[in-house]
$ cat model31.cif   # mmCIF, C-alpha atoms
data_protein
loop_
_atom_site.group_PDB
_atom_site.id
_atom_site.type_symbol
_atom_site.label_atom_id
_atom_site.label_comp_id
_atom_site.auth_asym_id
_atom_site.auth_seq_id
_atom_site.Cartn_x
_atom_site.Cartn_y
_atom_site.Cartn_z
ATOM 1 C CA HIS M 1 140.692 162.967 136.700
ATOM 2 C CA PHE M 2 144.098 161.471 136.093
ATOM 3 C CA LYS M 3 143.255 157.772 136.292
ATOM 4 C CA ASN M 4 140.241 157.919 133.961
ATOM 5 C CA THR M 5 142.091 160.092 131.459
ATOM 6 C CA ARG M 6 145.085 157.756 131.479
ATOM 7 C CA GLU M 7 142.912 154.749 130.628
ATOM 8 C CA THR M 8 141.018 156.703 127.946
ATOM 9 C CA ALA M 9 144.264 157.913 126.359
ATOM 10 C CA ASN M 10 145.647 154.370 126.334
ATOM 11 C CA ALA M 11 142.522 153.196 124.535
ATOM 12 C CA ILE M 12 142.992 155.642 121.614
ATOM 13 C CA LYS M 13 146.769 155.223 121.297
ATOM 14 C CA LYS M 14 147.873 154.224 117.738
ATOM 15 C CA MET M 15 144.313 154.765 116.390
ATOM 16 C CA PRO M 16 143.603 156.671 113.186
ATOM 17 C CA LEU M 17 142.208 160.132 113.975
ATOM 18 C CA ASN M 18 138.722 159.559 112.530
ATOM 19 C CA ARG M 19 138.359 156.229 114.365
ATOM 20 C CA ALA M 20 139.530 157.805 117.644
ATOM 21 C CA LYS M 21 136.940 160.575 117.322
ATOM 22 C CA THR M 22 134.077 158.174 116.569
ATOM 23 C CA TYR M 23 135.255 155.871 119.380
ATOM 24 C CA LEU M 24 135.174 158.684 121.952
ATOM 25 C CA LYS M 25 131.742 159.807 120.706
ATOM 26 C CA ASN M 26 130.520 156.210 121.053
ATOM 27 C CA VAL M 27 131.916 156.063 124.600
ATOM 28 C CA ILE M 28 130.017 159.258 125.472
ATOM 29 C CA ALA M 29 126.867 157.619 124.053
ATOM 30 C CA LYS M 30 127.733 154.383 125.958
ATOM 31 C CA LYS M 31 127.894 152.347 122.721
ATOM 32 C CA GLU M 32 131.571 151.414 123.291
ATOM 33 C CA ILE M 33 133.569 151.128 126.512
ATOM 34 C CA ILE M 34 136.980 152.241 127.767
ATOM 35 C CA PRO M 35 138.809 149.161 129.102
ATOM 36 C CA PHE M 36 140.355 149.795 132.521
ATOM 37 C CA ARG M 37 143.623 147.865 132.788
ATOM 38 C CA ARG M 38 145.846 149.507 135.426
ATOM 39 C CA PHE M 39 143.542 151.614 137.616
ATOM 40 C CA MET M 40 140.777 149.041 137.914
ATOM 41 C CA GLY M 41 140.256 148.611 141.650
ATOM 42 C CA GLY M 42 136.521 148.668 142.310
ATOM 43 C CA VAL M 43 135.674 149.120 138.628
ATOM 44 C CA GLY M 44 132.611 147.112 137.640
ATOM 45 C CA ARG M 45 132.553 144.373 135.016
ATOM 46 C CA HIS M 46 130.709 144.980 131.754
ATOM 47 C CA ALA M 47 130.006 142.805 128.714
ATOM 48 C CA GLN M 48 131.169 145.585 126.342
ATOM 49 C CA ALA M 49 134.720 145.174 127.677
ATOM 50 C CA LYS M 50 134.993 141.668 126.153
ATOM 51 C CA VAL M 51 135.886 143.295 122.804
ATOM 52 C CA HIS M 52 139.112 144.595 124.377
ATOM 53 C CA GLY M 53 140.016 141.287 126.027
ATOM 54 C CA THR M 54 139.240 142.411 129.556
ATOM 55 C CA ALA M 55 136.245 142.370 131.883
ATOM 56 C CA GLN M 56 136.400 145.771 133.552
ATOM 57 C CA GLY M 57 135.584 149.084 131.956
ATOM 58 C CA ARG M 58 133.814 152.419 132.282
ATOM 59 C CA TRP M 59 132.499 155.321 130.221
ATOM 60 C CA PRO M 60 134.482 158.317 131.590
ATOM 61 C CA LEU M 61 132.499 161.260 130.193
ATOM 62 C CA LYS M 62 134.755 164.193 131.152
ATOM 63 C CA SER M 63 137.950 162.492 130.009
ATOM 64 C CA CYS M 64 136.388 161.620 126.647
ATOM 65 C CA GLU M 65 135.153 165.173 126.131
ATOM 66 C CA PHE M 66 138.572 166.662 126.947
ATOM 67 C CA LEU M 67 140.370 164.245 124.615
ATOM 68 C CA LEU M 68 137.777 164.856 121.878
ATOM 69 C CA HIS M 69 138.427 168.608 122.110
ATOM 70 C CA MET M 70 142.186 167.958 121.960
ATOM 71 C CA LEU M 71 141.791 165.734 118.877
ATOM 72 C CA LYS M 72 139.699 168.399 117.114
ATOM 73 C CA ASN M 73 142.321 171.021 117.980
ATOM 74 C CA ALA M 74 145.139 168.772 116.732
ATOM 75 C CA GLU M 75 143.209 168.137 113.510
ATOM 76 C CA SER M 76 142.777 171.856 112.828
ATOM 77 C CA ASN M 77 146.472 172.426 113.601
ATOM 78 C CA ALA M 78 147.389 169.697 111.121
ATOM 79 C CA GLU M 79 145.126 171.157 108.417
ATOM 80 C CA TYR M 80 146.711 174.582 108.995
ATOM 81 C CA LYS M 81 150.143 172.988 108.502
ATOM 82 C CA GLY M 82 148.933 171.430 105.248
ATOM 83 C CA LEU M 83 148.641 167.793 106.381
ATOM 84 C CA ASP M 84 145.856 165.481 105.206
ATOM 85 C CA ALA M 85 143.410 164.883 108.070
ATOM 86 C CA ASP M 86 142.297 161.516 106.649
ATOM 87 C CA HIS M 87 145.773 159.982 107.070
ATOM 88 C CA LEU M 88 146.480 161.242 110.607
ATOM 89 C CA VAL M 89 147.211 158.678 113.339
ATOM 90 C CA VAL M 90 147.548 159.221 117.111
ATOM 91 C CA ASP M 91 151.249 158.386 117.335
ATOM 92 C CA HIS M 92 151.979 159.408 120.931
ATOM 93 C CA ILE M 93 149.669 160.241 123.812
ATOM 94 C CA GLN M 94 150.778 160.606 127.405
ATOM 95 C CA VAL M 95 148.970 161.581 130.603
ATOM 96 C CA GLN M 96 150.783 162.766 133.719
ATOM 97 C CA ARG M 97 149.609 163.821 137.173
ATOM 98 C CA ALA M 98 149.438 167.582 137.781
ATOM 99 C CA PRO M 99 149.677 169.288 141.192
ATOM 100 C CA LYS M 100 146.518 168.592 143.180
ATOM 101 C CA MET M 101 144.092 171.411 143.937
ATOM 102 C CA ARG M 102 142.992 171.619 147.563
ATOM 103 C CA ARG M 103 139.528 172.244 149.011
ATOM 104 C CA ARG M 104 137.934 171.124 152.268
ATOM 105 C CA THR M 105 134.854 169.156 153.196
ATOM 106 C CA TYR M 106 133.165 169.409 156.579
ATOM 107 C CA ARG M 107 132.491 166.206 158.522
ATOM 108 C CA ALA M 108 130.614 165.203 161.650
ATOM 109 C CA HIS M 109 131.745 166.302 165.112
ATOM 110 C CA GLY M 110 133.424 169.458 163.801
ATOM 111 C CA ARG M 111 136.125 167.713 161.771
ATOM 112 C CA ILE M 112 137.459 168.774 158.371
ATOM 113 C CA ASN M 113 138.805 166.479 155.649
ATOM 114 C CA PRO M 114 140.639 167.342 152.419
ATOM 115 C CA TYR M 115 138.629 167.462 149.195
ATOM 116 C CA MET M 116 141.323 167.111 146.536
ATOM 117 C CA SER M 117 141.012 167.210 142.755
ATOM 118 C CA SER M 118 143.339 165.125 140.568
ATOM 119 C CA PRO M 119 144.118 167.144 137.434
ATOM 120 C CA CYS M 120 146.462 165.925 134.734
ATOM 121 C CA HIS M 121 148.641 167.085 131.849
ATOM 122 C CA ILE M 122 147.953 165.508 128.467
ATOM 123 C CA GLU M 123 150.384 165.547 125.553
ATOM 124 C CA MET M 124 149.506 164.184 122.139
ATOM 125 C CA THR M 125 151.278 163.813 118.797
ATOM 126 C CA LEU M 126 149.592 162.984 115.502
ATOM 127 C CA ILE M 127 151.571 161.844 112.466
ATOM 128 C CA GLU M 128 150.563 161.439 108.852
ATOM 129 C CA ARG M 129 150.650 157.892 107.487
ATOM 130 C CA GLU M 130 149.987 157.241 103.817
ATOM 131 C CA GLN M 131 148.412 153.818 104.281
ATOM 132 C CA SER M 132 147.792 151.913 107.440
ATOM 133 C CA TYR M 133 149.850 148.740 107.577
ATOM 134 C CA SER M 134 148.043 145.537 108.381
ATOM 135 C CA ALA M 135 149.553 142.226 109.447
ATOM 136 C CA LYS M 136 148.257 140.515 106.284
ATOM 137 C CA ASP M 137 150.176 142.787 103.869
ATOM 138 C CA GLU M 138 153.647 142.133 105.227
ATOM 139 C CA PRO M 139 154.947 138.571 105.400
ATOM 140 C CA GLU M 140 156.207 138.016 108.931
ATOM 141 C CA LYS M 141 159.867 137.049 109.239
ATOM 142 C CA LYS M 142 160.322 133.761 111.026
ATOM 143 C CA LYS M 143 162.564 134.132 114.052
ATOM 144 C CA VAL M 144 165.765 132.104 113.874
ATOM 145 C CA SER M 145 167.659 131.166 117.027
ATOM 146 C CA LYS M 146 171.314 132.124 117.542
ATOM 147 C CA LYS M 147 172.305 128.463 117.528
ATOM 148 C CA LYS M 148 170.632 127.895 114.160
ATOM 149 C CA LEU M 149 172.266 131.030 112.727
ATOM 150 C CA GLN M 150 175.689 129.778 113.836
ATOM 151 C CA LYS M 151 175.050 126.405 112.168
ATOM 152 C CA GLN M 152 174.006 128.155 108.947
ATOM 153 C CA LYS M 153 177.144 130.345 108.974
ATOM 154 C CA LEU M 154 179.333 127.320 109.646
ATOM 155 C CA ALA M 155 177.711 125.392 106.796
ATOM 156 C CA ALA M 156 178.140 128.396 104.463
ATOM 157 C CA SER M 157 181.816 128.777 105.371
ATOM 158 C CA ARG M 158 182.412 125.009 104.852
ATOM 159 C CA ALA M 159 180.712 125.217 101.441
ATOM 160 C CA GLU M 160 183.027 128.099 100.476
ATOM 161 C CA ALA M 161 186.082 126.260 101.774
ATOM 162 C CA SER M 162 185.297 123.118 99.734
ATOM 163 C CA MET M 163 185.023 125.105 96.459
#

$ encode --input "model31.cif" --output "structure tokens"
Amino acid sequence: HFKNTRETANAIKKMPLNRAKTYLKNVIAKKEIIPFRRFMGGVGRHAQAKVHGTAQGRWPLKSCEFLLHMLKNAESNAEYKGLDADHLVVDHIQVQRAPKMRRRTYRAHGRINPYMSSPCHIEMTLIEREQSYSAKDEPEKKKVSKKKLQKQKLAASRAEASM
């Protein structure tokens, strides 16, 4: 299911591997929710979604199980390559629509309607980070406007000229 998987993948983007795995397990157990941001037409509102700053969310079981299997596979690949599994972070995850599979469903009065599946392709990259950076560790640079920069340069050049 492309739409569910896209929302689930977006939820675990930039997460550390261990947190992503526990998050997906919690979603399967309905302890945490996947926030639905783009494909949210007709999606119900739930109190659990408040944590993510939205109102709508679901617990897409199949998508979570598929992504959990992919994360476990990626972890074993990383261990085989000699990377430390504790420092792995989901750097890139992308979900794309795959060609639809076609079946048919039979309706009243002898009609037939399509019964399409919506598969998807998932690609994922994990990278090894030594320590996770938090906003408190790095002092944030204050943004300076172009006008202010020009004034500072002008003042600096005048100071040099007067010496």

$ resolve_selection --input "model31.cif" --expression "the PyMOL selection byres ((chain M and resi 59-64) around 7)" --output "short mmCIF file (atom, residue, chain, number, x, y, z; two decimals) with C-alpha atoms, in the coordinates of the input"
data_model
loop_
_atom_site.label_atom_id
_atom_site.label_comp_id
_atom_site.auth_asym_id
_atom_site.auth_seq_id
_atom_site.Cartn_x
_atom_site.Cartn_y
_atom_site.Cartn_z
CA ASN M 4 140.24 157.92 133.96
CA THR M 5 142.09 160.09 131.46
CA THR M 8 141.02 156.70 127.95
CA LEU M 24 135.17 158.68 121.95
CA VAL M 27 131.92 156.06 124.60
CA ILE M 28 130.02 159.26 125.47
CA LYS M 30 127.73 154.38 125.96
CA ILE M 33 133.57 151.13 126.51
CA ILE M 34 136.98 152.24 127.77
CA ARG M 58 133.81 152.42 132.28
CA GLU M 65 135.15 165.17 126.13
CA PHE M 66 138.57 166.66 126.95
CA LEU M 67 140.37 164.24 124.62
CA LEU M 68 137.78 164.86 121.88
#

$ resolve_selection --input "model31.cif" --expression "the PyMOL selection byres ((chain M and resi 84) around 10)" --output "ChimeraX atom specification"
/M:75,78-83,85-88,127-130

$ write_last_selection --input "model31.cif" --atoms "C-alpha atoms" --output "PDB file, in the coordinates of the input"
ATOM      1  CA  GLU M  75     143.209 168.137 113.510  1.00  0.00           C
ATOM      2  CA  ALA M  78     147.389 169.697 111.121  1.00  0.00           C
ATOM      3  CA  GLU M  79     145.126 171.157 108.417  1.00  0.00           C
ATOM      4  CA  TYR M  80     146.711 174.582 108.995  1.00  0.00           C
ATOM      5  CA  LYS M  81     150.143 172.988 108.502  1.00  0.00           C
ATOM      6  CA  GLY M  82     148.933 171.430 105.248  1.00  0.00           C
ATOM      7  CA  LEU M  83     148.641 167.793 106.381  1.00  0.00           C
ATOM      8  CA  ALA M  85     143.410 164.883 108.070  1.00  0.00           C
ATOM      9  CA  ASP M  86     142.297 161.516 106.649  1.00  0.00           C
ATOM     10  CA  HIS M  87     145.773 159.982 107.070  1.00  0.00           C
ATOM     11  CA  LEU M  88     146.480 161.242 110.607  1.00  0.00           C
ATOM     12  CA  ILE M 127     151.571 161.844 112.466  1.00  0.00           C
ATOM     13  CA  GLU M 128     150.563 161.439 108.852  1.00  0.00           C
ATOM     14  CA  ARG M 129     150.650 157.892 107.487  1.00  0.00           C
ATOM     15  CA  GLU M 130     149.987 157.241 103.817  1.00  0.00           C
TER      16      GLU M 130
END

$ resolve_selection --input "model31.cif" --expression "the PyMOL selection byres ((chain M and resi 92) around 7)" --output "PDB file with C-alpha atoms, in the frame of the given file"
ATOM      1  CA  LYS M  13     146.769 155.223 121.297  1.00  0.00           C
ATOM      2  CA  VAL M  90     147.548 159.221 117.111  1.00  0.00           C
ATOM      3  CA  ASP M  91     151.249 158.386 117.335  1.00  0.00           C
ATOM      4  CA  ILE M  93     149.669 160.241 123.812  1.00  0.00           C
ATOM      5  CA  GLN M  94     150.778 160.606 127.405  1.00  0.00           C
ATOM      6  CA  MET M 124     149.506 164.184 122.139  1.00  0.00           C
ATOM      7  CA  THR M 125     151.278 163.813 118.797  1.00  0.00           C
ATOM      8  CA  LEU M 126     149.592 162.984 115.502  1.00  0.00           C
TER       9      LEU M 126
END

$ atom_distance --input "model31.cif" --atom1 "atom CA of Tyr106 of chain M" --atom2 "atom CA of Ser118 of chain M"
19.4 Å

$ residues_around --input "model31.cif" --residues "Met40 of chain M" --least-positions-apart "3" --cutoff "10 Å" --atoms "only C-alpha atoms" --output "PyMOL selection string"
chain M and resi 3-4+7+35-37+43-45+56-58

$ axis_aligned_box --input "model31.cif" --around "segment 34-51 of chain M" --padding-each-side "8 Å" --output "lines of an AutoDock Vina configuration file"
center_x = 137.9
center_y = 147.0
center_z = 132.6
size_x = 31.8
size_y = 26.6
size_z = 35.5

$ atom_distance --input "model31.cif" --atom1 "atom CA of Lys141 of chain M" --atom2 "atom CA of Lys153 of chain M"
18.5 Å

$ atom_distance --input "model31.cif" --atom1 "atom CA of Phe2 of chain M" --atom2 "atom CA of Val95 of chain M"
7.3 Å

$ closest_residue --input "model31.cif" --among "M:Ala108, M:Ala161, M:Ala98, M:Leu154" --to "His1 of chain M" --atoms "only C-alpha atoms"
M:Ala98
